[in-house]
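Structure data (mmCIF, C-alpha atoms) from final20.cif:
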```cif
data_query
loop_
_atom_site.label_atom_id
_atom_site.label_comp_id
_atom_site.auth_asym_id
_atom_site.auth_seq_id
_atom_site.Cartn_x
_atom_site.Cartn_y
_atom_site.Cartn_z
CA MET Z 26 218.80 89.36 -18.48
CA LEU Z 27 221.60 91.69 -17.46
CA ALA Z 28 220.38 93.45 -14.32
CA VAL Z 29 217.47 93.58 -11.86
CA ASP Z 30 216.38 96.77 -10.10
CA GLY Z 31 219.59 98.51 -11.16
CA THR Z 32 221.99 95.78 -9.95
CA ASP Z 33 224.02 93.67 -12.40
CA LEU Z 34 223.52 89.92 -12.44
CA ASN Z 35 226.64 87.75 -12.26
CA ARG Z 36 227.41 85.94 -15.51
CA PRO Z 37 223.84 85.74 -16.83
CA GLY Z 38 223.27 83.16 -19.54
CA ARG Z 39 221.17 83.25 -22.67
CA VAL Z 40 217.57 82.15 -22.39
CA GLU Z 41 215.02 81.32 -25.06
CA GLY Z 42 211.31 80.61 -25.02
CA VAL Z 43 210.75 82.05 -21.57
CA ALA Z 44 209.21 85.27 -20.26
CA VAL Z 45 210.60 87.76 -17.75
CA GLN Z 46 208.38 88.79 -14.86
CA VAL Z 47 208.67 92.41 -13.70
CA SER Z 48 206.92 93.29 -10.46
CA ALA Z 49 205.14 96.62 -10.01
CA GLY Z 50 207.85 99.22 -9.49
CA GLY Z 51 210.57 96.74 -10.54
CA ARG Z 52 213.05 97.13 -13.39
CA VAL Z 53 215.08 94.74 -15.53
CA ASP Z 54 217.82 95.31 -18.10
CA LEU Z 55 217.54 92.98 -21.09
CA GLY Z 56 219.96 92.19 -23.90
CA PHE Z 57 218.90 90.62 -27.20
CA VAL Z 58 220.58 88.65 -29.96
CA VAL Z 59 218.71 89.79 -33.05
CA PRO Z 60 218.43 87.12 -35.76
CA ASP Z 61 218.69 87.86 -39.45
CA GLY Z 62 215.49 89.53 -40.49
CA GLY Z 63 214.84 91.15 -37.14
CA ALA Z 64 212.65 90.28 -34.21
CA ARG Z 65 209.68 91.42 -32.18
CA VAL Z 66 209.78 91.51 -28.38
CA ASP Z 67 206.43 91.80 -26.62
CA LEU Z 68 206.52 93.86 -23.44
CA GLY Z 69 203.08 93.06 -22.12
CA GLY Z 70 199.67 94.42 -23.03
CA THR Z 71 199.71 96.01 -26.48
CA THR Z 72 203.35 97.17 -26.33
CA ALA Z 73 206.12 95.59 -28.40
CA LEU Z 74 209.73 96.37 -29.26
CA VAL Z 75 210.64 95.94 -32.94
CA LEU Z 76 214.30 95.19 -33.75
CA GLY Z 77 216.17 94.84 -37.04
CA GLN Z 78 215.68 95.82 -40.66
CA ASP Z 79 212.80 93.52 -41.57
CA PRO Z 80 211.20 92.27 -38.38
CA THR Z 81 208.18 90.06 -38.22
CA THR Z 82 205.05 91.77 -37.02
CA ALA Z 83 203.31 88.55 -36.04
CA GLN Z 84 202.62 88.30 -32.35
CA PRO Z 85 204.59 85.35 -30.93
CA ALA Z 86 203.11 82.75 -28.64
CA VAL Z 87 203.25 83.78 -24.99
CA PRO Z 88 205.84 81.63 -23.15
CA GLU Z 89 204.44 79.44 -20.42
CA GLU Z 90 207.54 79.63 -18.21
CA PHE Z 91 209.41 82.51 -16.58
CA VAL Z 92 213.08 83.07 -15.89
CA ASP Z 93 213.63 81.88 -12.31
CA LEU Z 94 216.01 84.36 -10.71
CA LEU Z 95 216.52 82.04 -7.74
CA SER Z 96 218.79 79.90 -9.92
CA TYR Z 97 219.63 82.17 -12.88
CA GLY Z 98 223.24 83.24 -13.45
CA GLU Z 99 226.21 82.07 -11.43
CA PRO Z 100 226.84 82.51 -7.70
CA THR Z 101 229.46 84.90 -6.38
CA ASP Z 102 230.17 86.62 -3.07
CA PRO Z 103 227.37 89.17 -2.52
CA GLY Z 104 229.44 91.06 0.03
CA LEU Z 105 226.86 90.45 2.75
CA ASP Z 106 227.34 87.93 5.56
CA VAL Z 107 223.93 86.83 6.84
CA SER Z 108 225.12 83.95 9.02
CA GLU Z 109 224.54 85.98 12.20
CA PRO Z 110 222.17 88.86 11.41
CA ASP Z 111 221.63 91.61 13.95
CA ARG Z 112 217.87 91.69 13.43
CA ARG Z 113 215.25 89.21 12.28
CA PHE Z 114 211.75 90.30 11.34
CA GLU Z 115 208.57 88.56 10.23
CA TYR Z 116 206.29 90.24 7.70
CA SER Z 117 203.20 88.05 7.48
CA ILE Z 118 200.57 89.26 5.01
CA GLY Z 119 196.95 88.31 5.55
CA LYS Z 120 193.44 89.72 5.44
CA ARG Z 121 190.85 90.16 8.15
CA PRO Z 122 187.73 92.18 9.01
CA GLY Z 123 188.17 95.50 10.75
CA PHE Z 124 187.03 99.10 11.15
CA PRO Z 125 189.99 101.38 10.30
CA ASP Z 126 188.82 105.00 10.48
CA GLY Z 127 185.38 103.59 11.22
CA ARG Z 128 185.11 101.92 7.81
CA PRO Z 129 183.92 98.31 7.99
CA GLY Z 130 185.42 95.84 5.56
CA MET Z 131 188.06 93.22 4.85
CA TRP Z 132 191.52 94.77 5.08
CA TRP Z 133 195.09 93.68 4.49
CA SER Z 134 196.87 92.77 7.70
CA ILE Z 135 200.53 92.63 8.69
CA ASN Z 136 201.39 90.17 11.45
CA GLY Z 137 197.71 90.26 12.35
CA HIS Z 138 197.59 94.06 12.73
CA LEU Z 139 195.65 96.59 10.65
CA PHE Z 140 197.22 99.87 9.51
CA PRO Z 141 198.03 102.24 11.13
CA ASP Z 142 198.39 100.02 14.23
CA VAL Z 143 201.32 98.09 12.76
CA PRO Z 144 204.45 98.05 14.95
CA MET Z 145 207.52 99.45 13.18
CA PHE Z 146 210.53 97.33 12.30
CA VAL Z 147 213.40 98.98 14.20
CA VAL Z 148 217.10 98.78 13.25
CA SER Z 149 220.30 100.53 14.24
CA GLU Z 150 222.66 101.92 11.61
CA ASN Z 151 224.89 99.24 10.03
CA ASP Z 152 222.73 96.39 11.29
CA ILE Z 153 222.33 93.39 9.00
CA ALA Z 154 218.63 92.53 8.97
CA VAL Z 155 216.78 89.50 7.66
CA ILE Z 156 213.06 89.68 6.87
CA GLU Z 157 210.83 86.68 6.26
CA ILE Z 158 207.92 87.75 4.04
CA ASP Z 159 205.03 85.29 4.15
CA ASN Z 160 201.98 85.77 1.95
CA SER Z 161 199.00 83.78 3.18
CA SER Z 162 196.51 86.10 1.47
CA ASP Z 163 194.60 85.38 -1.73
CA GLU Z 164 196.55 87.77 -3.99
CA ALA Z 165 200.16 88.32 -5.04
CA HIS Z 166 201.99 91.37 -3.68
CA PRO Z 167 204.98 93.25 -5.15
CA MET Z 168 206.73 94.18 -1.90
CA HIS Z 169 208.86 97.32 -1.88
CA LEU Z 170 211.23 98.50 0.85
CA HIS Z 171 212.10 102.16 0.37
CA GLY Z 172 215.68 103.37 0.68
CA HIS Z 173 217.41 99.98 0.45
CA HIS Z 174 218.26 97.10 -1.82
CA ALA Z 175 217.70 93.63 -0.37
CA LEU Z 176 219.34 90.31 -1.21
CA VAL Z 177 216.97 87.39 -1.84
CA LEU Z 178 218.11 84.46 0.30
CA SER Z 179 215.41 81.86 -0.29
CA ARG Z 180 211.92 81.14 -1.57
CA ASN Z 181 209.72 78.61 0.25
CA GLY Z 182 212.81 77.36 2.05
CA GLN Z 183 214.80 76.80 -1.16
CA PRO Z 184 218.08 78.75 -1.04
CA SER Z 185 219.15 81.05 -3.84
CA THR Z 186 221.76 79.26 -5.96
CA GLY Z 187 222.21 81.62 -8.91
CA SER Z 188 223.61 85.11 -9.19
CA PRO Z 189 223.12 87.31 -6.13
CA TRP Z 190 219.57 88.61 -6.63
CA TRP Z 191 219.24 92.15 -5.31
CA VAL Z 192 215.81 93.76 -5.38
CA ASP Z 193 213.87 96.73 -4.16
CA SER Z 194 210.57 95.34 -5.49
CA LEU Z 195 209.88 91.62 -5.00
CA GLU Z 196 206.83 89.76 -6.28
CA VAL Z 197 205.55 87.53 -3.47
CA GLY Z 198 202.95 85.13 -4.81
CA VAL Z 199 200.05 83.49 -3.03
CA ASN Z 200 201.32 81.08 -0.34
CA GLU Z 201 204.93 82.04 -1.03
CA THR Z 202 207.52 82.80 1.62
CA TYR Z 203 210.71 84.72 0.87
CA GLU Z 204 213.70 85.47 3.06
CA ILE Z 205 215.58 88.66 2.20
CA ALA Z 206 218.46 90.51 3.85
CA PHE Z 207 219.69 94.10 3.76
CA VAL Z 208 222.23 96.39 5.38
CA ALA Z 209 220.76 99.25 7.41
CA ASP Z 210 222.94 101.92 5.83
CA ASN Z 211 220.42 104.66 5.07
CA PRO Z 212 219.02 106.20 8.29
CA GLY Z 213 215.43 107.38 8.18
CA ILE Z 214 211.87 106.18 8.51
CA TRP Z 215 211.04 104.17 5.41
CA MET Z 216 207.90 102.60 4.03
CA ASP Z 217 207.88 98.83 3.48
CA HIS Z 218 204.70 98.25 1.53
CA CYS Z 219 202.94 96.58 -1.36
CA HIS Z 220 203.67 98.38 -4.64
CA ASN Z 221 200.20 97.53 -5.88
CA LEU Z 222 199.09 100.92 -4.63
CA PRO Z 223 195.39 100.10 -4.14
CA HIS Z 224 196.60 97.39 -1.74
CA ALA Z 225 198.75 99.95 0.06
CA ALA Z 226 195.78 102.29 0.33
CA GLU Z 227 193.87 99.37 1.83
CA GLY Z 228 196.42 98.99 4.60
CA LEU Z 229 199.32 96.93 3.28
CA VAL Z 230 201.88 99.38 4.69
CA ALA Z 231 204.56 98.96 7.35
CA HIS Z 232 207.57 101.11 8.23
CA LEU Z 233 211.25 100.56 8.89
CA MET Z 234 212.64 102.96 11.51
CA TYR Z 235 216.23 103.57 12.54
CA ASP Z 236 216.87 103.84 16.26
CA GLY Z 237 217.16 107.49 17.24
CA VAL Z 238 215.42 108.84 14.12
CA ARG Z 239 212.22 110.75 14.79
CA SER Z 240 209.65 112.53 12.64
CA SER Z 241 207.24 115.36 13.35
CA PHE Z 242 204.69 113.81 10.98
CA ARG Z 243 201.90 111.63 12.31
CA VAL Z 244 199.50 109.36 10.43
CA GLY Z 245 195.96 110.71 10.17
CA GLY Z 246 195.02 113.70 12.28
CA GLN Z 247 193.40 116.92 11.09
CA ARG Z 248 195.58 117.01 7.99
CA ALA Z 249 194.55 113.45 7.03
CA ASN Z 250 198.19 112.53 6.48
CA GLN Z 251 198.37 109.10 4.84
CA PRO Z 252 201.41 107.32 3.38
CA GLU Z 253 199.44 106.43 0.23
#
```
Could I get this file's structure written as structure tokens?
Amino acid sequence: MLAVDGTDLNRPGRVEGVAVQVSAGGRVDLGFVVPDGGARVDLGGTTALVLGQDPTTAQPAVPEEFVDLLSYGEPTDPGLDVSEPDRRFEYSIGKRPGFPDGRPGMWWSINGHLFPDVPMFVVSENDIAVIEIDNSSDEAHPMHLHGHHALVLSRNGQPSTGSPWWVDSLEVGVNETYEIAFVADNPGIWMDHCHNLPHAAEGLVAHLMYDGVRSSFRVGGQRANQPE
């Protein structure tokens, strides 16, 4: 693996017999050493990449393990000091009954709130912010913060020890907790949501707002304005 979500990894090593997980909306850059006779690289589903002059067409066994980006590559200075962040936020994902827009059902919740009644995360320009994302729901969620790249600090309390791992889409599994950090260097009002878009349509949407930034748009209303 050479890069994740458009950011180079530091001194990535060769791997063999493992798969690479790509979250919804995520991207990875991969490099291959093609053996004599060619190779086949399966990309999920029915899609495969065929390399070389005489590649095998046999479908290889699916690896049981994935590259763990928490320890992959070698550490280096990420250029972001998170020892004393300006802001700390909790983003706790759950599910509970409710009646948004009068529709009864089980809906995704954020810190116990149902969309659109989810308080915004507020930053000032140039703040360093740390978010703890906790998924206590029964499904995995590819979490996507618009307008920023975030540095993965830890997973389930285990610090990142490999290359700096910068993401804009992060797969948060069931009962997983991630800590990520970012620099507030792009003023606006940005969605911070699940990139599994049916989940977003079912309420897994929050917003990051910069202090002093306002918008004339409002959720709902006569125009039925919805972020998804």
Worksheet item: Between Z:Ile205, Z:Ile214, Z:Val155, Z:Ala64, which one has atoms that come closest to Arg243 in chain Z, using only C-alpha atoms?
Response: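 Selected residue with least distance to Arg243 in chain Z: Z:Ile214.
One finds CA of Gly50 in chain Z at 7.9 Å from CA of Pro167 in chain Z.
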Fill in: Protein/DNA/RNA residues near (228.0, 87.1, 6.0), cut 12 Å, all atoms listed in the file, as a PyMOL selection string
chain Z and resi 102-111+152-155+176+178+206-208
Discussion item. Residue by residue, what does the PyMOL selection byres ((chain Z and resi 164) around 7) grab here? Present the result as a list in words.
Written reply: Ser162, Asp163, Ala165, His166, Gly198 and Val199 of chain Z
Taking all atoms of range 136-154 of chain Z that appear in the file, build a box with edges along x, y and z, extend it by 4 Å on every side, and state its centre and edge lengths in Å to one decimal, as JSON.
```
{"center_x": 210.3, "center_y": 96.2, "center_z": 12.0, "size_x": 37.2, "size_y": 20.1, "size_z": 14.0}
```
Practice prompt. Could you tell me which of Z:Tyr116, Z:Glu204, Z:His138, Z:His174 comes closest to Trp191 in chain Z if we count all atoms listed in the file?
Written response: Z:His174
May I have the protein, DNA and RNA residues with any atom at most 10 Å from the point (219.8, 100.0, 4.9), counting all atoms listed in the file, written as a short mmCIF file (atom, residue, chain, number, x, y, z; two decimals) with C-alpha atoms, keeping the file's coordinate frame?
```cif
data_model
loop_
_atom_site.label_atom_id
_atom_site.label_comp_id
_atom_site.auth_asym_id
_atom_site.auth_seq_id
_atom_site.Cartn_x
_atom_site.Cartn_y
_atom_site.Cartn_z
CA VAL Z 148 217.10 98.78 13.25
CA SER Z 149 220.30 100.53 14.24
CA GLU Z 150 222.66 101.92 11.61
CA ASN Z 151 224.89 99.24 10.03
CA ASP Z 152 222.73 96.39 11.29
CA ILE Z 153 222.33 93.39 9.00
CA ALA Z 154 218.63 92.53 8.97
CA LEU Z 170 211.23 98.50 0.85
CA HIS Z 171 212.10 102.16 0.37
CA GLY Z 172 215.68 103.37 0.68
CA HIS Z 173 217.41 99.98 0.45
CA HIS Z 174 218.26 97.10 -1.82
CA ALA Z 175 217.70 93.63 -0.37
CA ALA Z 206 218.46 90.51 3.85
CA PHE Z 207 219.69 94.10 3.76
CA VAL Z 208 222.23 96.39 5.38
CA ALA Z 209 220.76 99.25 7.41
CA ASP Z 210 222.94 101.92 5.83
CA ASN Z 211 220.42 104.66 5.07
CA PRO Z 212 219.02 106.20 8.29
CA GLY Z 213 215.43 107.38 8.18
CA TRP Z 215 211.04 104.17 5.41
CA LEU Z 233 211.25 100.56 8.89
CA TYR Z 235 216.23 103.57 12.54
#
```
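Interatomic distance, CA of Ser240 in chain Z to CA of His169 in chain Z: 21.0 Å.
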